[in-house]
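Quick notes on the structure that follows.
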Amino acid sequence: MRKKLRALLTFLSILMAFVLYGYLCAIREAFSAGVSVAGADRIVVMHKMSLVMLLPVNYKPQIERIEGVDAVASSTWFGGMYQGEAKNFFPQIVVEPETYMKVYPEYLLSEKEKQAWLTTRTGAIVGRKTAKRFGFKVGDRVPIQATIWNKKGGGRTWEFDIVGIFDGKEKGTDTTGFLFRYDYFDEALEFGQGQVGWYVARVADPEKSEQTAKKIDALFANSPAEVKADTEKAFVQSWAKQIGDIGKIMVAILSAVFFTILLVAGNTMGQAVRERREELGVLKAIGFTNGGVLAIVLIESCLLSSLAGVLGLGLAWILIAQGDPTGGALAVFYFPSHDLALGFVFVLALGVAAGILPAIQAMRLNVADALRRM
């Protein structure tokens with residue numbers, strides 16, 4: 001407290017560094033959405049050339065007959081616009097309700113809503129996050145403007161009746177999706193009937209997922225539409241890396257930030273020790289050991305780092321909990337608990353790293369030299 005302004009500025013620098021740390025962790029989680037909760041028992045089967053290439057619907061029963069496959073669900077990307085504006089984007093996917101809910105049990109839907117979806121041809125279910133974003137509720141009729149799939153006769157507007165709103169079983173589950181029925185979609189299409197975008201197969205034994213994926217690849221080898229099967233986690237990771245390795249980008253930014261903060265905090269502690277040489281000399285003269293003086297300086301450094309760092313992590317947690325700052329463009333946005341725990345480790349490490357050199361200088365301080373300055 002000898003230099004209150006200096007201490008305050010150092011405190012605020014550390015605090016803001018950990019607020020930034022929290023936001024970067026949340027952004028990394030958003031861009032890799034689904035990786036942490038991707039099913040180990042699910043295999044994604046797509047066209048070998050590209051995800052935009054379609055697969056025949058008759059592939060489904062063939063995949064189902066493979067040993068170890070419990071259920072197979074088809075999916076097709078719709079990619080329409082709500083209210084005709086690109087800013088209102090949210091993912092729309094064409095699915096088969098019966099099998100999709102078996103393959104994705106983490107999507108929680110009431111039994112009443114499930115039955116409504118199965119019996120309403122134009123029915124759709126929407127994730128909780130998208131429902132909150134646009135104020136959707138059960139019973140609403142939602143028009144979506146097609147950008148790829150025109151209706152017969154050239155119409156571009158598809159209308160759906162919302163029959164359910166689903167939640168996620170786990171915190172990282174993506175609840176931005178809008179899911180509607182394949183039979184309604186296929187019947188009304190102007191072109192592309194009898195085809196789907198990709199399949200997701202659920203296997204009985206997750207340990208054999210890779211073996212099952214190879215069997216699926218072999219089944220359709222040399223066919224007009226060859227496939228590439230991979231575990232869902234690998235598929236999601238490759239999708240996320242199309243925009244860059246978010247993990248490496250985050251590490252690079254945080255390394256620069258924490259190195260700068262380390263210099264600031266280390267300089268503050270170094271100046272504090274130099275200004276208190278006489279007081280430290282007196283302590284050693286009246287019996288404080290070298291280890292005791294070392295501990296005093298290290299505890300002071302760790303106290304400053306801990307107060308600022310813990311407050312910064314807490315502030316980041318509160319701010320991030322308020323929701324996605326982009327207004328819903330990110331699939332998930334939260335501060336992962338494992339990153340929060342790692343943040344506390346960084347807090348302590350920063351305190352030790354910033355104080356260790358000044359603490360060693362204080363420990364080696366010669367009593368006679370220190371008292372001569374008084």
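Scheme for the structure tokens: letters A, B, ... for chains in order shown; per-chain residue numbers from 1; ligand numbers from 1 in order shown.
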Report as a tab-separated table: every residue of region 274-310 of chain A with an atom at most 9 Å from region 340-344 of chain A, its closest pair of atoms, and their distance in Å to one decimal, counting only C-alpha atoms, with rows sorted by chain and ascending residue number.
```
residue	atom	partner	partner_atom	distance
A:Ser306	CA	A:Phe344	CA	8.3
A:Gly309	CA	A:Phe344	CA	7.7
A:Val310	CA	A:Phe344	CA	7.0
```
Looking only at strand (DSSP E or B) from DSSP on the backbone, list the matching residues of region 111-299 of chain A as JSON, numbers by chain. {"A": [123, 124, 125, 126, 127, 141, 142, 143, 144, 145, 151, 157, 158, 159, 160, 161, 162, 163, 164, 165, 166, 167, 168, 178, 179, 180, 181, 189, 195, 196, 198, 199, 200, 201, 202, 203, 227, 228, 229, 230, 231]}
Would you mind exporting N, CA and C atoms of the selected residues as a CSV table (one decimal), in the first residue's frame?
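File produced: part.csv:
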```csv
chain,number,residue,atom,x,y,z
A,123,GLY,N,-45.0,-30.1,-39.1
A,123,GLY,CA,-44.4,-29.8,-37.8
A,123,GLY,C,-42.9,-29.7,-37.8
A,124,ALA,N,-42.5,-28.8,-36.9
A,124,ALA,CA,-41.0,-28.6,-36.7
A,124,ALA,C,-40.8,-28.4,-35.2
A,125,ILE,N,-39.6,-28.8,-34.8
A,125,ILE,CA,-39.2,-28.5,-33.4
A,125,ILE,C,-38.0,-27.5,-33.4
A,126,VAL,N,-37.9,-26.7,-32.5
A,126,VAL,CA,-36.8,-25.6,-32.5
A,126,VAL,C,-36.1,-25.7,-31.1
A,127,GLY,N,-34.8,-25.4,-31.2
A,127,GLY,CA,-34.0,-25.4,-30.0
A,127,GLY,C,-34.3,-24.2,-29.1
A,141,ARG,N,-46.7,-20.4,-36.6
A,141,ARG,CA,-46.5,-20.8,-37.9
A,141,ARG,C,-45.3,-20.0,-38.5
A,142,VAL,N,-44.2,-20.6,-38.9
A,142,VAL,CA,-43.0,-19.9,-39.2
A,142,VAL,C,-42.7,-20.1,-40.7
A,143,PRO,N,-42.6,-19.0,-41.4
A,143,PRO,CA,-42.2,-19.1,-42.9
A,143,PRO,C,-40.7,-18.9,-43.0
A,144,ILE,N,-40.1,-19.7,-43.8
A,144,ILE,CA,-38.7,-19.7,-44.1
A,144,ILE,C,-38.4,-19.6,-45.6
A,145,GLN,N,-37.6,-18.7,-46.0
A,145,GLN,CA,-37.3,-18.4,-47.4
A,145,GLN,C,-36.2,-19.4,-47.8
A,151,LYS,N,-39.7,-25.2,-53.8
A,151,LYS,CA,-40.8,-26.0,-53.8
A,151,LYS,C,-41.3,-26.3,-55.3
A,157,THR,N,-41.0,-20.1,-50.5
A,157,THR,CA,-41.4,-19.9,-49.1
A,157,THR,C,-42.0,-21.3,-48.5
A,158,TRP,N,-41.3,-21.8,-47.5
A,158,TRP,CA,-41.8,-23.0,-46.8
A,158,TRP,C,-42.4,-22.5,-45.4
A,159,GLU,N,-43.5,-23.1,-45.1
A,159,GLU,CA,-44.1,-22.8,-43.8
A,159,GLU,C,-44.2,-24.0,-42.9
A,160,PHE,N,-43.9,-23.7,-41.6
A,160,PHE,CA,-43.8,-24.8,-40.7
A,160,PHE,C,-44.6,-24.5,-39.4
A,161,ASP,N,-45.1,-25.5,-38.8
A,161,ASP,CA,-45.9,-25.3,-37.5
A,161,ASP,C,-45.0,-25.8,-36.4
A,162,ILE,N,-44.7,-24.9,-35.4
A,162,ILE,CA,-43.8,-25.3,-34.3
A,162,ILE,C,-44.6,-26.1,-33.3
A,163,VAL,N,-44.2,-27.4,-33.1
A,163,VAL,CA,-44.9,-28.3,-32.3
A,163,VAL,C,-44.1,-28.6,-31.0
A,164,GLY,N,-42.9,-28.2,-30.9
A,164,GLY,CA,-42.1,-28.5,-29.7
A,164,GLY,C,-40.9,-27.6,-29.6
A,165,ILE,N,-40.4,-27.4,-28.4
A,165,ILE,CA,-39.1,-26.7,-28.2
A,165,ILE,C,-38.2,-27.6,-27.4
A,166,PHE,N,-37.1,-27.9,-27.9
A,166,PHE,CA,-36.2,-28.9,-27.2
A,166,PHE,C,-35.1,-28.2,-26.5
A,167,ASP,N,-34.7,-28.9,-25.4
A,167,ASP,CA,-33.5,-28.4,-24.6
A,167,ASP,C,-32.4,-29.4,-24.7
A,168,GLY,N,-31.2,-29.1,-24.2
A,168,GLY,CA,-30.1,-29.9,-24.3
A,168,GLY,C,-29.9,-30.6,-22.9
A,178,PHE,N,-33.3,-25.9,-35.9
A,178,PHE,CA,-34.7,-25.9,-36.3
A,178,PHE,C,-34.9,-27.2,-37.2
A,179,LEU,N,-35.6,-28.2,-36.6
A,179,LEU,CA,-35.7,-29.5,-37.3
A,179,LEU,C,-37.1,-29.7,-37.8
A,180,PHE,N,-37.2,-30.2,-39.1
A,180,PHE,CA,-38.5,-30.5,-39.6
A,180,PHE,C,-38.4,-31.8,-40.4
A,181,ARG,N,-39.6,-32.3,-40.8
A,181,ARG,CA,-39.8,-33.6,-41.3
A,181,ARG,C,-39.3,-33.8,-42.8
A,189,LEU,N,-40.5,-31.0,-52.8
A,189,LEU,CA,-39.3,-30.6,-53.5
A,189,LEU,C,-39.6,-30.4,-55.0
A,195,GLN,N,-33.1,-38.2,-52.0
A,195,GLN,CA,-31.7,-38.0,-51.6
A,195,GLN,C,-31.7,-37.3,-50.2
A,196,VAL,N,-30.6,-37.5,-49.5
A,196,VAL,CA,-30.3,-36.8,-48.2
A,196,VAL,C,-28.9,-36.3,-48.2
A,198,TRP,N,-26.6,-36.4,-45.4
A,198,TRP,CA,-25.7,-37.3,-44.7
A,198,TRP,C,-26.5,-38.2,-43.8
A,199,TYR,N,-25.8,-39.2,-43.3
A,199,TYR,CA,-26.4,-40.2,-42.3
A,199,TYR,C,-25.6,-40.1,-41.0
A,200,VAL,N,-26.3,-40.4,-39.9
A,200,VAL,CA,-25.6,-40.6,-38.6
A,200,VAL,C,-26.1,-41.9,-38.1
A,201,ALA,N,-25.1,-42.8,-37.9
A,201,ALA,CA,-25.3,-44.1,-37.4
A,201,ALA,C,-24.9,-44.2,-35.9
A,202,ARG,N,-25.8,-44.8,-35.1
A,202,ARG,CA,-25.5,-45.0,-33.7
A,202,ARG,C,-25.1,-46.5,-33.5
A,203,VAL,N,-23.9,-46.7,-32.9
A,203,VAL,CA,-23.4,-48.0,-32.7
A,203,VAL,C,-23.6,-48.5,-31.3
A,227,VAL,N,-18.8,-43.2,-50.0
A,227,VAL,CA,-19.0,-42.4,-48.7
A,227,VAL,C,-17.7,-42.3,-47.9
A,228,LYS,N,-17.7,-41.4,-47.0
A,228,LYS,CA,-16.6,-41.3,-46.0
A,228,LYS,C,-17.3,-41.3,-44.7
A,229,ALA,N,-17.0,-42.3,-43.9
A,229,ALA,CA,-17.6,-42.5,-42.5
A,229,ALA,C,-16.5,-42.2,-41.5
A,230,ASP,N,-16.9,-41.4,-40.5
A,230,ASP,CA,-16.0,-41.1,-39.4
A,230,ASP,C,-16.7,-40.9,-38.1
A,231,THR,N,-16.0,-40.9,-37.0
A,231,THR,CA,-16.7,-40.7,-35.7
A,231,THR,C,-17.2,-39.3,-35.7
```
Point out the residue among A:Leu315, A:Ala146, A:Ile27, A:Val347 with the least atom-to-atom distance to Tyr82 (chain A), counting only C-alpha atoms. A:Ala146
I want to know what sits within 8 Å of region 361-367 of chain A, based on only C-alpha atoms, with residues of the same chain fewer than 4 positions away left out; could you give that as an NGL selection string? :A and (273 or 277 or 280-282 or 284-285 or 290-291 or 293-294 or 297 or 357 or 371)
Env of Arg128 (chain A): 12 Å cut, atoms = only C-alpha atoms, seq-sep filter 3 positions within chain, self excluded. Answer as a PDB file with C-alpha atoms, in the first residue's frame.
```pdb
ATOM      1  CA  TYR A 107     -32.213 -33.463 -27.288  1.00  0.00           C
ATOM      2  CA  LEU A 108     -34.926 -33.309 -24.633  1.00  0.00           C
ATOM      3  CA  LEU A 109     -38.501 -33.070 -25.859  1.00  0.00           C
ATOM      4  CA  ILE A 125     -39.207 -28.466 -33.374  1.00  0.00           C
ATOM      5  CA  ALA A 131     -36.847 -19.944 -29.630  1.00  0.00           C
ATOM      6  CA  LYS A 132     -35.752 -17.296 -27.116  1.00  0.00           C
ATOM      7  CA  ARG A 133     -33.923 -15.307 -29.786  1.00  0.00           C
ATOM      8  CA  PHE A 134     -36.979 -14.940 -32.036  1.00  0.00           C
ATOM      9  CA  GLY A 135     -39.772 -15.379 -29.515  1.00  0.00           C
ATOM     10  CA  PHE A 136     -40.992 -18.639 -31.065  1.00  0.00           C
ATOM     11  CA  LYS A 137     -43.555 -20.651 -29.119  1.00  0.00           C
ATOM     12  CA  VAL A 138     -45.515 -23.845 -29.671  1.00  0.00           C
ATOM     13  CA  GLY A 164     -42.116 -28.454 -29.728  1.00  0.00           C
ATOM     14  CA  ILE A 165     -39.140 -26.674 -28.179  1.00  0.00           C
ATOM     15  CA  PHE A 166     -36.203 -28.884 -27.226  1.00  0.00           C
ATOM     16  CA  ASP A 167     -33.543 -28.421 -24.564  1.00  0.00           C
ATOM     17  CA  GLY A 168     -30.082 -29.943 -24.252  1.00  0.00           C
ATOM     18  CA  LYS A 169     -29.236 -32.669 -21.770  1.00  0.00           C
ATOM     19  CA  THR A 173     -25.499 -29.178 -26.401  1.00  0.00           C
ATOM     20  CA  ASP A 174     -26.367 -26.983 -29.387  1.00  0.00           C
ATOM     21  CA  THR A 175     -29.964 -25.752 -29.042  1.00  0.00           C
ATOM     22  CA  THR A 176     -29.983 -23.384 -32.028  1.00  0.00           C
ATOM     23  CA  GLY A 177     -31.365 -25.922 -34.472  1.00  0.00           C
ATOM     24  CA  PHE A 178     -34.684 -25.949 -36.319  1.00  0.00           C
ATOM     25  CA  GLY A 328     -27.494 -15.566 -30.983  1.00  0.00           C
ATOM     26  CA  ALA A 331     -24.337 -21.958 -31.148  1.00  0.00           C
ATOM     27  CA  VAL A 332     -23.179 -22.087 -27.516  1.00  0.00           C
TER      28      VAL A 332
END
```
Test item: residues at most 9 Å from region 210-221 of chain A, only C-alpha atoms, excluding those fewer than 2 positions along its chain, as a PyMOL selection string: chain A and resi 43-45+59+62-63+66-69+203+206-208+223-231
Selection file, C-alpha atoms, as a tab-separated table (two decimals), in the first residue's frame:
```
chain	number	residue	atom	x	y	z
A	43	ILE	CA	-20.67	-42.20	-36.87
A	44	VAL	CA	-21.25	-39.53	-39.54
A	45	VAL	CA	-21.56	-40.88	-43.09
A	59	TYR	CA	-28.28	-46.32	-48.30
A	62	GLN	CA	-27.97	-51.06	-46.01
A	63	ILE	CA	-26.17	-49.24	-43.17
A	66	ILE	CA	-24.22	-53.69	-40.67
A	67	GLU	CA	-23.37	-55.58	-37.48
A	68	GLY	CA	-23.19	-53.30	-34.46
A	69	VAL	CA	-25.36	-50.49	-35.87
A	203	VAL	CA	-23.42	-48.04	-32.75
A	206	PRO	CA	-18.37	-47.11	-28.93
A	207	GLU	CA	-15.05	-48.99	-28.77
A	208	LYS	CA	-15.81	-50.41	-32.23
A	223	SER	CA	-20.51	-47.27	-55.96
A	224	PRO	CA	-21.79	-44.18	-57.84
A	225	ALA	CA	-21.89	-42.32	-54.51
A	226	GLU	CA	-18.93	-43.46	-52.38
A	227	VAL	CA	-18.98	-42.40	-48.73
A	228	LYS	CA	-16.60	-41.29	-46.03
A	229	ALA	CA	-17.56	-42.47	-42.54
A	230	ASP	CA	-15.96	-41.08	-39.40
A	231	THR	CA	-16.71	-40.70	-35.72
```
Which of region 200-267 of chain A DSSP labels alpha helix (DSSP H), written as a short mmCIF file (atom, residue, chain, number, x, y, z; two decimals) with C-alpha atoms, in the first residue's frame:
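Final output, saved to out_28.cif:
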```
data_model
loop_
_atom_site.label_atom_id
_atom_site.label_comp_id
_atom_site.auth_asym_id
_atom_site.auth_seq_id
_atom_site.Cartn_x
_atom_site.Cartn_y
_atom_site.Cartn_z
CA SER A 209 -16.85 -47.12 -33.85
CA GLU A 210 -13.76 -46.91 -36.07
CA GLN A 211 -14.14 -50.52 -37.19
CA THR A 212 -17.80 -49.94 -38.03
CA ALA A 213 -16.89 -46.78 -39.96
CA LYS A 214 -14.45 -48.80 -42.08
CA LYS A 215 -17.19 -51.37 -42.80
CA ILE A 216 -19.50 -48.59 -44.01
CA ASP A 217 -16.78 -47.21 -46.28
CA ALA A 218 -16.15 -50.68 -47.72
CA LEU A 219 -19.86 -51.31 -48.26
CA GLU A 232 -18.87 -37.73 -34.88
CA LYS A 233 -16.14 -36.13 -32.76
CA ALA A 234 -13.63 -36.26 -35.64
CA PHE A 235 -16.26 -34.87 -38.00
CA VAL A 236 -17.09 -31.92 -35.73
CA GLN A 237 -13.41 -31.16 -35.13
CA SER A 238 -12.65 -31.09 -38.86
CA TRP A 239 -15.66 -28.83 -39.42
CA ALA A 240 -14.47 -26.40 -36.72
CA ILE A 246 -9.13 -21.81 -32.58
CA GLY A 247 -7.16 -23.48 -29.79
CA LYS A 248 -3.81 -22.30 -31.17
CA ILE A 249 -5.14 -18.81 -31.83
CA MET A 250 -6.40 -18.57 -28.25
CA VAL A 251 -3.11 -19.83 -26.82
CA ALA A 252 -1.17 -17.27 -28.87
CA ILE A 253 -3.33 -14.37 -27.68
CA LEU A 254 -3.32 -15.46 -24.03
CA SER A 255 0.43 -16.06 -24.08
CA ALA A 256 1.02 -12.48 -25.22
CA VAL A 257 -1.44 -11.10 -22.66
CA PHE A 258 -0.08 -13.07 -19.70
CA PHE A 259 3.54 -12.35 -20.61
CA THR A 260 2.74 -8.64 -20.59
CA ILE A 261 0.87 -8.90 -17.28
CA LEU A 262 3.76 -10.89 -15.82
CA LEU A 263 6.13 -8.04 -16.70
CA VAL A 264 3.76 -5.49 -15.14
CA ALA A 265 3.22 -7.48 -11.94
CA GLY A 266 6.90 -8.43 -11.69
CA ASN A 267 7.93 -4.80 -12.09
#
```
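Closest to Asn150 (chain A) among A:Ala349, A:Leu118, A:Ala188, A:Leu8 is A:Ala188, based on only C-alpha atoms.
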Please identify all polymer residues within 7 Å of Leu313 (chain A), counting only C-alpha atoms, omitting same-chain residues fewer than 4 positions from it, and present them as a CSV table (one decimal) with N, CA and C atoms, in the first residue's frame.
```csv
chain,number,residue,atom,x,y,z
A,18,PHE,N,-7.8,-11.6,-16.8
A,18,PHE,CA,-8.6,-12.8,-16.6
A,18,PHE,C,-10.0,-12.7,-17.1
A,19,VAL,N,-10.5,-11.5,-17.2
A,19,VAL,CA,-11.8,-11.3,-17.9
A,19,VAL,C,-11.7,-11.7,-19.4
A,22,GLY,N,-11.5,-15.4,-19.8
A,22,GLY,CA,-12.8,-16.1,-19.7
A,22,GLY,C,-13.6,-15.9,-21.1
A,309,GLY,N,-7.1,-11.8,-9.8
A,309,GLY,CA,-7.4,-12.8,-10.8
A,309,GLY,C,-8.7,-13.5,-10.5
A,317,TRP,N,-17.3,-14.9,-15.5
A,317,TRP,CA,-18.4,-15.8,-15.3
A,317,TRP,C,-19.7,-15.2,-15.3
```
